[in-house]
Structures are given as C-alpha cells and as structure tokens.
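data.cif follows; it contains mmCIF, C-alpha atoms and all ligand atoms.
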```
data_model
#
loop_
_atom_site.label_atom_id
_atom_site.label_comp_id
_atom_site.auth_asym_id
_atom_site.auth_seq_id
_atom_site.Cartn_x
_atom_site.Cartn_y
_atom_site.Cartn_z
CA MET A 1 16.31 -17.67 49.72
CA LYS A 2 15.45 -20.58 47.45
CA TYR A 3 17.23 -23.92 47.34
CA PHE A 4 18.06 -25.70 44.11
CA SER A 5 18.98 -29.27 43.33
CA THR A 6 22.59 -29.67 42.18
CA ARG A 7 21.25 -31.65 39.21
CA GLY A 8 18.93 -28.86 38.15
CA ASN A 9 15.88 -30.97 37.34
CA SER A 10 13.88 -30.63 40.53
CA GLU A 11 11.69 -27.76 41.57
CA ALA A 12 13.32 -25.12 43.80
CA LEU A 13 12.23 -25.39 47.43
CA ASN A 14 12.13 -23.09 50.40
CA PHE A 15 14.08 -23.55 53.62
CA ILE A 16 11.39 -25.45 55.52
CA ASP A 17 10.87 -27.94 52.71
CA VAL A 18 14.56 -28.70 52.23
CA LEU A 19 15.03 -29.05 55.96
CA THR A 20 12.34 -31.70 56.16
CA SER A 21 13.16 -33.54 52.95
CA GLY A 22 16.03 -35.78 51.92
CA THR A 23 17.71 -35.71 48.52
CA ALA A 24 15.96 -33.96 45.63
CA LYS A 25 13.72 -36.08 43.38
CA ASP A 26 16.27 -35.84 40.54
CA GLY A 27 18.90 -37.36 42.86
CA GLY A 28 20.73 -34.08 43.51
CA LEU A 29 21.41 -32.31 46.77
CA TYR A 30 19.77 -29.06 47.72
CA VAL A 31 22.04 -26.01 47.77
CA PRO A 32 21.19 -22.35 48.44
CA GLU A 33 20.73 -20.12 45.37
CA ASN A 34 23.54 -17.87 46.56
CA PHE A 35 25.99 -17.34 49.39
CA PRO A 36 25.59 -14.11 51.35
CA LYS A 37 28.92 -12.28 51.38
CA PHE A 38 30.54 -10.73 54.44
CA SER A 39 33.16 -8.01 54.05
CA LYS A 40 36.58 -8.05 55.73
CA GLU A 41 35.31 -5.45 58.17
CA GLU A 42 32.24 -7.51 59.06
CA ILE A 43 34.39 -10.60 59.56
CA ALA A 44 36.68 -8.56 61.80
CA ASP A 45 33.59 -7.67 63.85
CA PHE A 46 33.05 -11.39 64.51
CA GLU A 47 36.25 -11.42 66.59
CA THR A 48 34.44 -10.85 69.85
CA ALA A 49 31.02 -12.35 69.07
CA SER A 50 29.66 -15.17 71.23
CA TYR A 51 28.99 -18.55 69.61
CA GLN A 52 25.26 -17.74 69.63
CA ASP A 53 25.65 -14.30 68.03
CA LEU A 54 28.05 -15.57 65.40
CA ALA A 55 25.70 -18.43 64.51
CA SER A 56 22.68 -16.11 64.26
CA HIS A 57 24.53 -13.64 62.10
CA LEU A 58 25.91 -16.19 59.65
CA LEU A 59 22.80 -18.31 59.36
CA TYR A 60 19.98 -15.80 59.34
CA PRO A 61 20.23 -14.95 55.61
CA TYR A 62 19.51 -18.63 54.89
CA VAL A 63 16.33 -18.79 56.97
CA GLU A 64 15.03 -15.24 56.43
CA GLY A 65 11.36 -15.23 55.50
CA PHE A 66 10.58 -18.44 57.39
CA LEU A 67 11.26 -17.38 60.94
CA SER A 68 11.25 -13.89 62.40
CA LYS A 69 14.65 -12.66 63.47
CA ASP A 70 13.61 -12.72 67.13
CA ASP A 71 12.28 -16.27 66.97
CA PHE A 72 15.35 -17.44 65.09
CA GLU A 73 17.73 -15.85 67.58
CA GLN A 74 15.84 -17.50 70.42
CA VAL A 75 16.19 -20.92 68.77
CA VAL A 76 19.94 -20.40 68.30
CA LYS A 77 20.34 -19.17 71.87
CA ASN A 78 18.60 -22.23 73.30
CA ALA A 79 20.48 -24.65 71.06
CA TYR A 80 23.90 -23.28 71.89
CA GLU A 81 23.21 -22.23 75.47
CA SER A 82 26.23 -24.07 76.86
CA PHE A 83 28.56 -23.35 73.93
CA THR A 84 31.38 -21.01 74.80
CA ILE A 85 34.49 -20.09 72.81
CA PRO A 86 37.21 -21.36 73.09
CA GLU A 87 35.91 -24.22 75.27
CA VAL A 88 33.75 -25.80 72.56
CA VAL A 89 35.81 -24.88 69.49
CA LYS A 90 39.43 -24.93 70.46
CA LEU A 91 42.34 -24.10 68.18
CA VAL A 92 45.47 -25.78 69.50
CA GLU A 93 48.90 -24.83 68.22
CA THR A 94 51.19 -27.79 67.55
CA LYS A 95 54.97 -28.01 67.25
CA ASN A 96 55.19 -29.04 63.62
CA ILE A 97 51.96 -28.95 61.70
CA GLY A 98 50.38 -25.61 62.46
CA TYR A 99 47.12 -25.94 64.32
CA VAL A 100 44.58 -28.60 65.17
CA LEU A 101 40.98 -27.56 65.57
CA GLU A 102 39.43 -29.55 68.41
CA LEU A 103 35.76 -30.10 67.76
CA PHE A 104 35.07 -32.89 70.23
CA HIS A 105 33.97 -30.83 73.21
CA GLY A 106 30.21 -31.07 72.53
CA PRO A 107 27.77 -33.25 74.51
CA THR A 108 28.52 -36.58 72.73
CA GLY A 109 32.18 -36.00 71.86
CA SER A 110 31.60 -35.96 68.09
CA PHE A 111 32.08 -32.83 65.98
CA LYS A 112 28.64 -33.56 64.58
CA ASP A 113 27.21 -32.16 67.82
CA LEU A 114 28.01 -28.66 66.64
CA ALA A 115 25.35 -28.86 63.94
CA LEU A 116 23.06 -31.37 65.62
CA GLN A 117 22.43 -29.26 68.69
CA LEU A 118 20.79 -26.72 66.35
CA LEU A 119 19.11 -28.69 63.54
CA PRO A 120 16.39 -30.39 65.63
CA ARG A 121 15.43 -27.14 67.33
CA LEU A 122 15.21 -25.39 63.98
CA ILE A 123 12.97 -28.18 62.73
CA GLY A 124 10.84 -27.93 65.88
CA ALA A 125 10.49 -24.18 65.31
CA VAL A 126 9.45 -24.34 61.63
CA MET A 127 7.24 -27.45 61.72
CA LYS A 128 3.49 -26.99 61.75
CA SER A 129 1.87 -28.21 64.96
CA ASP A 130 0.03 -31.09 63.25
CA GLN A 131 3.08 -32.19 61.24
CA ARG A 132 4.86 -35.46 62.05
CA SER A 133 8.29 -36.41 60.85
CA LEU A 134 10.29 -39.62 61.01
CA TYR A 135 14.06 -39.30 60.80
CA VAL A 136 16.05 -42.35 59.90
CA VAL A 137 19.79 -42.46 60.14
CA ALA A 138 22.49 -45.06 59.62
CA THR A 139 25.51 -44.69 61.84
CA SER A 140 28.95 -46.15 62.35
CA GLY A 141 28.98 -44.48 65.74
CA ASP A 142 29.50 -40.72 65.66
CA THR A 143 26.40 -39.59 63.81
CA GLY A 144 23.88 -41.64 65.78
CA GLY A 145 24.91 -40.38 69.20
CA ALA A 146 24.87 -36.75 68.11
CA VAL A 147 21.51 -37.20 66.32
CA ALA A 148 19.97 -38.91 69.36
CA ASN A 149 21.20 -36.25 71.74
CA GLY A 150 20.05 -33.38 69.50
CA PHE A 151 16.59 -34.75 68.70
CA LEU A 152 15.71 -35.98 72.18
CA GLY A 153 12.32 -34.61 73.19
CA VAL A 154 11.63 -32.62 69.99
CA GLU A 155 7.87 -32.69 69.51
CA GLY A 156 6.38 -34.24 66.37
CA VAL A 157 9.66 -35.95 65.51
CA LYS A 158 10.59 -39.58 65.86
CA VAL A 159 14.09 -40.86 65.20
CA VAL A 160 15.16 -44.35 64.19
CA ILE A 161 18.88 -45.09 64.28
CA LEU A 162 20.38 -48.16 62.62
CA TYR A 163 23.78 -49.28 63.81
CA PRO A 164 25.93 -52.33 63.00
CA LYS A 165 26.23 -54.97 65.69
CA GLY A 166 29.61 -54.98 67.41
CA LYS A 167 30.93 -52.12 65.30
CA VAL A 168 30.27 -49.11 67.52
CA SER A 169 32.08 -48.46 70.78
CA GLU A 170 30.44 -49.27 74.09
CA ILE A 171 29.92 -45.64 75.04
CA GLN A 172 28.43 -44.89 71.63
CA GLU A 173 26.03 -47.81 71.93
CA LYS A 174 24.88 -46.37 75.25
CA GLN A 175 24.44 -42.94 73.66
CA LEU A 176 22.14 -44.55 71.09
CA THR A 177 20.17 -46.96 73.20
CA THR A 178 19.65 -45.41 76.61
CA LEU A 179 17.80 -42.16 75.90
CA GLY A 180 14.35 -43.56 75.08
CA GLN A 181 11.44 -41.15 74.49
CA ASN A 182 11.31 -40.35 70.75
CA ILE A 183 14.61 -42.11 69.97
CA SER A 184 14.70 -45.76 68.86
CA ALA A 185 17.89 -47.60 68.02
CA LEU A 186 17.98 -50.80 66.00
CA GLU A 187 20.99 -53.07 66.14
CA VAL A 188 21.56 -54.55 62.69
CA ASP A 189 23.26 -57.92 62.26
CA GLY A 190 25.56 -56.64 59.54
CA VAL A 191 28.04 -53.87 58.75
CA PHE A 192 27.52 -50.14 58.32
CA ASP A 193 26.87 -50.52 54.58
CA ASP A 194 23.91 -52.80 55.38
CA CYS A 195 22.45 -50.11 57.66
CA GLN A 196 22.94 -47.50 54.94
CA GLU A 197 21.27 -49.79 52.40
CA MET A 198 18.25 -50.29 54.68
CA VAL A 199 17.85 -46.52 55.03
CA LYS A 200 18.05 -46.07 51.26
CA ASN A 201 15.47 -48.81 50.73
CA ALA A 202 13.12 -47.23 53.26
CA PHE A 203 13.16 -44.05 51.17
CA LEU A 204 12.27 -46.04 48.02
CA ASP A 205 9.58 -48.16 49.75
CA ALA A 206 6.16 -47.23 48.37
CA SER A 207 4.40 -48.71 51.41
CA LEU A 208 6.07 -46.02 53.53
CA SER A 209 4.93 -43.13 51.32
CA SER A 210 2.34 -42.01 53.89
CA VAL A 211 5.10 -41.36 56.43
CA GLN A 212 7.11 -38.17 56.14
CA LEU A 213 10.51 -39.80 56.02
CA THR A 214 13.54 -37.54 56.31
CA SER A 215 17.25 -38.16 56.41
CA ALA A 216 19.38 -36.95 59.26
CA ASN A 217 22.54 -37.92 57.38
CA SER A 218 24.80 -35.23 56.01
CA ILE A 219 22.76 -34.64 52.85
CA ASN A 220 20.48 -32.48 55.02
CA ILE A 221 21.37 -28.79 54.73
CA GLY A 222 20.54 -28.41 58.41
CA ARG A 223 23.53 -30.64 59.05
CA TRP A 224 26.12 -28.73 57.06
CA LEU A 225 24.96 -25.08 57.26
CA PRO A 226 25.77 -24.92 61.01
CA GLN A 227 29.18 -26.47 60.34
CA MET A 228 30.48 -23.26 58.82
CA PHE A 229 30.56 -21.44 62.18
CA TYR A 230 33.72 -23.10 63.42
CA TYR A 231 35.70 -22.12 60.32
CA PHE A 232 35.05 -18.50 61.27
CA ILE A 233 35.98 -19.29 64.86
CA ALA A 234 39.22 -21.00 63.77
CA TYR A 235 40.12 -17.99 61.67
CA ARG A 236 39.60 -15.52 64.47
CA ALA A 237 41.78 -17.59 66.83
CA LEU A 238 44.76 -17.54 64.46
CA LYS A 239 47.77 -15.58 65.62
CA TYR A 240 49.02 -14.63 62.18
CA LYS A 241 46.17 -13.67 59.91
CA ASN A 242 48.39 -12.58 57.04
CA LYS A 243 49.61 -16.14 56.38
CA LYS A 244 47.96 -18.34 53.80
CA LEU A 245 45.31 -20.46 55.46
CA VAL A 246 44.90 -24.12 54.50
CA PHE A 247 42.38 -26.51 56.04
CA SER A 248 42.88 -30.27 55.88
CA ILE A 249 39.57 -31.95 56.65
CA PRO A 250 39.02 -35.65 57.45
CA SER A 251 36.20 -36.49 55.05
CA GLY A 252 33.56 -39.18 54.75
CA ASN A 253 30.51 -37.74 53.02
CA PHE A 254 32.27 -34.40 52.48
CA GLY A 255 29.65 -32.39 54.34
CA ASN A 256 32.21 -30.85 56.65
CA ILE A 257 34.49 -29.70 53.85
CA CYS A 258 31.45 -28.45 51.94
CA ALA A 259 30.63 -26.19 54.90
CA GLY A 260 34.23 -24.97 54.89
CA ILE A 261 34.09 -24.10 51.20
CA MET A 262 30.84 -22.31 51.84
CA SER A 263 32.47 -20.19 54.55
CA GLN A 264 35.12 -19.29 51.97
CA GLN A 265 32.38 -18.29 49.49
CA MET A 266 30.93 -16.08 52.23
CA GLY A 267 34.17 -14.15 52.53
CA LEU A 268 36.50 -16.05 54.86
CA PRO A 269 40.05 -15.75 53.42
CA ILE A 270 40.85 -19.47 53.10
CA ASN A 271 43.57 -20.22 50.58
CA HIS A 272 43.19 -23.94 50.09
CA PHE A 273 41.36 -27.08 51.22
CA VAL A 274 42.71 -30.60 51.49
CA ALA A 275 40.02 -33.27 51.49
CA SER A 276 41.63 -36.08 53.45
CA THR A 277 40.15 -39.55 53.29
CA ASN A 278 41.22 -42.83 54.80
CA VAL A 279 41.39 -46.13 52.94
CA ASN A 280 37.69 -45.78 52.07
CA ASP A 281 38.55 -43.68 49.06
CA THR A 282 35.53 -43.90 46.74
CA VAL A 283 35.51 -40.17 46.08
CA PRO A 284 39.22 -39.64 45.27
CA ARG A 285 39.06 -42.66 42.95
CA TYR A 286 35.99 -41.20 41.30
CA LEU A 287 37.69 -37.85 40.80
CA LYS A 288 40.69 -39.58 39.28
CA THR A 289 38.91 -42.01 36.99
CA ALA A 290 35.36 -40.61 36.57
CA ASN A 291 34.10 -44.08 37.55
CA TYR A 292 31.90 -44.20 40.61
CA GLU A 293 32.75 -47.56 42.15
CA PRO A 294 31.93 -47.79 45.85
CA LEU A 295 33.65 -50.72 47.57
CA PRO A 296 32.65 -52.33 50.87
CA THR A 297 33.64 -50.04 53.75
CA LYS A 298 36.83 -51.09 55.52
CA GLN A 299 37.00 -50.60 59.25
CA THR A 300 39.78 -48.23 60.34
CA VAL A 301 40.90 -46.68 63.63
CA SER A 302 38.80 -43.65 62.75
CA ASN A 303 35.13 -44.50 62.61
C1 LIG B 1 31.53 -37.70 60.48
C2 LIG B 1 32.96 -37.76 60.61
C3 LIG B 1 33.81 -37.52 59.52
C4 LIG B 1 33.29 -37.26 58.13
O1 LIG B 1 32.61 -36.03 57.99
P1 LIG B 1 31.86 -35.70 56.62
O2 LIG B 1 31.14 -34.42 56.85
O3 LIG B 1 30.93 -36.86 56.35
O4 LIG B 1 32.92 -35.60 55.55
C5 LIG B 1 35.18 -37.58 59.72
N1 LIG B 1 35.71 -37.84 60.94
C6 LIG B 1 34.93 -38.05 62.02
C7 LIG B 1 35.59 -38.34 63.34
C8 LIG B 1 33.55 -38.02 61.90
O5 LIG B 1 32.77 -38.22 62.99
#
```

Could you write out this file's structure as structure tokens?
Amino acid sequence: MKYFSTRGNSEALNFIDVLTSGTAKDGGLYVPENFPKFSKEEIADFETASYQDLASHLLYPYVEGFLSKDDFEQVVKNAYESFTIPEVVKLVETKNIGYVLELFHGPTGSFKDLALQLLPRLIGAVMKSDQRSLYVVATSGDTGGAVANGFLGVEGVKVVILYPKGKVSEIQEKQLTTLGQNISALEVDGVFDDCQEMVKNAFLDASLSSVQLTSANSINIGRWLPQMFYYFIAYRALKYKNKKLVFSIPSGNFGNICAGIMSQQMGLPINHFVASTNVNDTVPRYLKTANYEPLPTKQTVSN
C-alpha cells in the first residue's frame, strides 16, 4: 500500500515513512491509495472478534509489506492487552437520542487513547534500531495525556508536549508532567493557539532540520487509522441493524470523523455522518463561504 498526499504534488510514500513524517511537503495530508473492502459476511464475522483480532484484521492491509503478519499481530496484542469489549468501547442506549458511544474508558480517560495505545508501539516496531525520532505535540488537555501515556518508554523516541498555562485540568497536567523518562512537558505562558504556533514554527525551523521531527497531532495516519475500530464495534453492538445508521461526531481536527468515513468506505453500512463542532467553527464557516479564516480559539466546556 502506498500513501498519497491529498494535494497530489508530493511523492507517494510507504507506511513507515508516513508514520514517521508530518504533513506532506506540498501541504497535503497522507491518505492510503485505496480502502480495502470487507463484505457483509466478513463484517458479520467480526461480531465475536476480540478487540485485538478486530484491530489486526482491519489494519493489516494498511501495513502489509512492512511488518510480517506475526510481528504485527504481536504488536497489536501488546498494545491492546487490557482492552476488552464492551468495557473499553461501550454503546449505551439512551431514552431519546438513540445511542451514545462511550470512548473514555482507556488509561487516560480520553478517546484518543484508543489510537495512542497502538501508534507508539507500531512506530517502535518499524523504526530502525539506530533511528531517533522527536515527537512534538500541542495539547489543550486530551491529546497530551494520551500521547504521553502511549509513548512512555518507547525506545528511540522522545516526546515534547506543549500545553497552555492554567488551561488544562489538574489531572491532565499531572498526566503530562509526572511520567518523566522520554516524556517532557513544557508549560507555555499563552493559550492553546500559541502552543500550536510554536509546533508549526519548529517544523519550519531550518536549524532543527537535523532532528527527525514528527507530529503526534491528528494529521498522523497512525492516529486516525486505529480510530476506525470502534465504528465497527458500535455497529456490532446495535440491536436493530436494519435501521439507518447515523453518527454524530464531536469534531476538532476532524480526524475522528475521517476514521468513521473510512470505515464506511471499507464496507460498514453507515448512512450518514454529522460533523458537530462547538463555537470554534472554522471548518463549517469555510465550507459555507470557501474562505479559510481561523479565529482565536474560544474556551468551552468541552476541551
Ligand atoms: C480530540 C477531541 C475531539 C476532536 O477530535 P478530532 O479527531 O480532532 O475531530 C473532540 N472531543 C474530544 C473530547 C476530544 O478529546
């Protein structure tokens, strides 16, 4: 499987290279050349699969050729050792609005755990032994904790997390700052946008060109590929599979909804997606007006 830039002007890369790079040189994002399709019958077979088996099955076509099937399955097994269904991905029926998919039962309480327990181990497995990588990430709380927890102790990898002073919760600050080892957290006297700006500038900084700098934000395919598993798990937990299925997905960088749409491309019978945003509505405004006009992020009850 090759990966292409969405803008079409960068060279196609293989899985290892996209995993350890950020955005494409032409400014696009890397996407797989195609989406492996699963038939209705195959999807029905997923009904009883464990989290580990489901993950291996869905993801292997994307990594084939770079890791042997046995090695890959071992990585997935280790990453998701404690993940059981329905404890980790729980579909809860509500009185009025259908179902809510609870994704906060991972180690740091953020749904980002579901991908970030796997990504660092995959990177550890595909990196050459003399390779060194520096991951930088800006966080408003959820991402940093999940990144820190997932990358802790991965050899050859250092992680630097930038977070805005006074803007993350106390427990999240502890998740970022108390692990040590290969995880460093920097408190920035500013808001989240300042942290994001510093990360962007680091990528453009010529004096850092000797460091292999990689983003752990949601532009990394290793972040959103593993987010498709729980769409399959939600589907299998539904009582009435003949009804039209609609997902409404709280969106920030739209990585989560992208993974959902990918699971649809792979054969999951999803009828419709709603991309929900809060007051930070740069993307809906862009879609409406074709003007990309980011405004300063407003703090809301949802980080
Ligand atoms: C990260 C996050 C989002 C946004 O996810 P994207 O993949 O960036 O769209 C929404 N809600 C919560 C609680 C999050 O942690």

Find the residues near region 115-122 of chain A: any atom within 9 Å, counting only C-alpha atoms, skip ones fewer than 6 places away on the same chain, and give them as a ChimeraX atom specification.
-> /A:19,72,75-76,78-80,106-107,146-152,154,157,222-227

Taking only residues of chain A that have an atom at most 10 Å from an atom of ligand LIG 1 (chain B), what is each one's shortest atom pair and its distance in Å to one decimal, using all atoms listed in the file, in chain and number order, as JSON lines?
```
{"residue": "A:Leu103", "atom": "CA", "partner": "B:LIG1", "partner_atom": "C7", "distance": 9.4}
{"residue": "A:Phe104", "atom": "CA", "partner": "B:LIG1", "partner_atom": "C7", "distance": 8.8}
{"residue": "A:Gly109", "atom": "CA", "partner": "B:LIG1", "partner_atom": "O5", "distance": 9.2}
{"residue": "A:Ser110", "atom": "CA", "partner": "B:LIG1", "partner_atom": "O5", "distance": 5.7}
{"residue": "A:Phe111", "atom": "CA", "partner": "B:LIG1", "partner_atom": "O5", "distance": 6.2}
{"residue": "A:Lys112", "atom": "CA", "partner": "B:LIG1", "partner_atom": "O5", "distance": 6.4}
{"residue": "A:Asp113", "atom": "CA", "partner": "B:LIG1", "partner_atom": "O5", "distance": 9.5}
{"residue": "A:Thr139", "atom": "CA", "partner": "B:LIG1", "partner_atom": "C1", "distance": 9.3}
{"residue": "A:Ser140", "atom": "CA", "partner": "B:LIG1", "partner_atom": "O5", "distance": 8.8}
{"residue": "A:Gly141", "atom": "CA", "partner": "B:LIG1", "partner_atom": "O5", "distance": 7.8}
{"residue": "A:Asp142", "atom": "CA", "partner": "B:LIG1", "partner_atom": "O5", "distance": 4.9}
{"residue": "A:Thr143", "atom": "CA", "partner": "B:LIG1", "partner_atom": "C1", "distance": 6.4}
{"residue": "A:Gly144", "atom": "CA", "partner": "B:LIG1", "partner_atom": "O5", "distance": 9.9}
{"residue": "A:Ala146", "atom": "CA", "partner": "B:LIG1", "partner_atom": "O5", "distance": 9.5}
{"residue": "A:Asn217", "atom": "CA", "partner": "B:LIG1", "partner_atom": "O3", "distance": 8.5}
{"residue": "A:Ser218", "atom": "CA", "partner": "B:LIG1", "partner_atom": "O3", "distance": 6.4}
{"residue": "A:Ile219", "atom": "CA", "partner": "B:LIG1", "partner_atom": "O3", "distance": 9.2}
{"residue": "A:Arg223", "atom": "CA", "partner": "B:LIG1", "partner_atom": "O2", "distance": 8.8}
{"residue": "A:Trp224", "atom": "CA", "partner": "B:LIG1", "partner_atom": "O2", "distance": 7.6}
{"residue": "A:Gln227", "atom": "CA", "partner": "B:LIG1", "partner_atom": "O2", "distance": 8.9}
{"residue": "A:Ile249", "atom": "CA", "partner": "B:LIG1", "partner_atom": "O4", "distance": 7.7}
{"residue": "A:Pro250", "atom": "CA", "partner": "B:LIG1", "partner_atom": "C5", "distance": 4.9}
{"residue": "A:Ser251", "atom": "CA", "partner": "B:LIG1", "partner_atom": "O4", "distance": 3.4}
{"residue": "A:Gly252", "atom": "CA", "partner": "B:LIG1", "partner_atom": "O4", "distance": 3.7}
{"residue": "A:Asn253", "atom": "CA", "partner": "B:LIG1", "partner_atom": "O3", "distance": 3.5}
{"residue": "A:Phe254", "atom": "CA", "partner": "B:LIG1", "partner_atom": "O4", "distance": 3.4}
{"residue": "A:Gly255", "atom": "CA", "partner": "B:LIG1", "partner_atom": "O2", "distance": 3.6}
{"residue": "A:Asn256", "atom": "CA", "partner": "B:LIG1", "partner_atom": "O2", "distance": 3.7}
{"residue": "A:Ile257", "atom": "CA", "partner": "B:LIG1", "partner_atom": "O4", "distance": 6.3}
{"residue": "A:Cys258", "atom": "CA", "partner": "B:LIG1", "partner_atom": "O2", "distance": 7.7}
{"residue": "A:Ala259", "atom": "CA", "partner": "B:LIG1", "partner_atom": "O2", "distance": 8.5}
{"residue": "A:Ala275", "atom": "CA", "partner": "B:LIG1", "partner_atom": "O4", "distance": 8.5}
{"residue": "A:Ser276", "atom": "CA", "partner": "B:LIG1", "partner_atom": "O4", "distance": 9.0}
{"residue": "A:Thr277", "atom": "CA", "partner": "B:LIG1", "partner_atom": "C5", "distance": 8.4}
{"residue": "A:Asn278", "atom": "CA", "partner": "B:LIG1", "partner_atom": "C5", "distance": 9.4}
{"residue": "A:Val301", "atom": "CA", "partner": "B:LIG1", "partner_atom": "C7", "distance": 9.9}
{"residue": "A:Ser302", "atom": "CA", "partner": "B:LIG1", "partner_atom": "C7", "distance": 6.2}
{"residue": "A:Asn303", "atom": "CA", "partner": "B:LIG1", "partner_atom": "C7", "distance": 6.2}
```

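Distance-wise, CA of Ile270 (chain A) and CA of Gln52 (chain A) end up 22.8 Å apart.
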
Residue list as JSON, numbers by chain for point (34.0, -13.8, 52.4), cut-off 12 Å, only C-alpha atoms | {"A": [35, 36, 37, 38, 39, 40, 41, 42, 43, 44, 58, 228, 231, 232, 235, 260, 261, 262, 263, 264, 265, 266, 267, 268, 269, 270, 271]}

Given the selection you just returned, output its residues as a file containing C-alpha atoms, formatted as a compact mmCIF listing (two decimals), in the frame of the given file.
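What landed in again-v9.txt:
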```
# COMPACT_ATOMS: atom_id res chain seq x y z
CA PHE A 35 25.99 -17.34 49.39
CA PRO A 36 25.59 -14.11 51.35
CA LYS A 37 28.92 -12.28 51.38
CA PHE A 38 30.54 -10.73 54.44
CA SER A 39 33.16 -8.01 54.05
CA LYS A 40 36.58 -8.05 55.73
CA GLU A 41 35.31 -5.45 58.17
CA GLU A 42 32.24 -7.51 59.06
CA ILE A 43 34.39 -10.60 59.56
CA ALA A 44 36.68 -8.56 61.80
CA LEU A 58 25.91 -16.19 59.65
CA MET A 228 30.48 -23.26 58.82
CA TYR A 231 35.70 -22.12 60.32
CA PHE A 232 35.05 -18.50 61.27
CA TYR A 235 40.12 -17.99 61.67
CA GLY A 260 34.23 -24.97 54.89
CA ILE A 261 34.09 -24.10 51.20
CA MET A 262 30.84 -22.31 51.84
CA SER A 263 32.47 -20.19 54.55
CA GLN A 264 35.12 -19.29 51.97
CA GLN A 265 32.38 -18.29 49.49
CA MET A 266 30.93 -16.08 52.23
CA GLY A 267 34.17 -14.15 52.53
CA LEU A 268 36.50 -16.05 54.86
CA PRO A 269 40.05 -15.75 53.42
CA ILE A 270 40.85 -19.47 53.10
CA ASN A 271 43.57 -20.22 50.58
```

Region 279-290 of chain A environment, 9 Å, only C-alpha atoms, sequence neighbours closer than 5 positions dropped, as a ChimeraX atom specification | /A:252-253,295-300

Kindly indicate which residue among A:Leu245, A:Leu134, A:Ile123, A:Leu29 lies nearest to Phe203 (chain A), using all atoms listed in the file for the distances.
-> A:Leu134

What is the CA of Val63 (chain A)-CA of Phe229 (chain A) distance in Å, reported with one decimal?
-> 15.4 Å

Take CA of Leu101 (chain A) and CA of Ser169 (chain A) and report the distance between them in Å, one decimal.
-> 23.3 Å

Around all of region 110-128 of chain A's listed atoms, make the axis-aligned box with 3 Å on each side and tell me centre and edge lengths in Å to one decimal, as AutoDock Vina command-line options.
```
--center_x 17.8 --center_y -30.1 --center_z 65.2 --size_x 34.6 --size_y 17.8 --size_z 13.1
```

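Residue nearest Val31 (chain A) within the list A:Phe46, A:Phe4, A:Phe83, A:Phe15: A:Phe4 [criterion: smallest interatomic distance, all atoms listed in the file].
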
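Remark: for Val211 (chain A), the closest of the candidate residues A:Lys2, A:His105, A:Arg132, A:His272 is A:Arg132 (distances computed over only C-alpha atoms).
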
A:Ser207, A:Leu238, A:Val160, A:Asn291 ranked by distance to Gln181 (chain A), top pick (using only C-alpha atoms) | A:Val160

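Close contacts of Gln131 (chain A), defined as residues with an atom at most 8 Å away when counting all atoms listed in the file, with chain neighbours fewer than 3 positions off set aside, comprise Met127, Lys128 and Gly156 of chain A.
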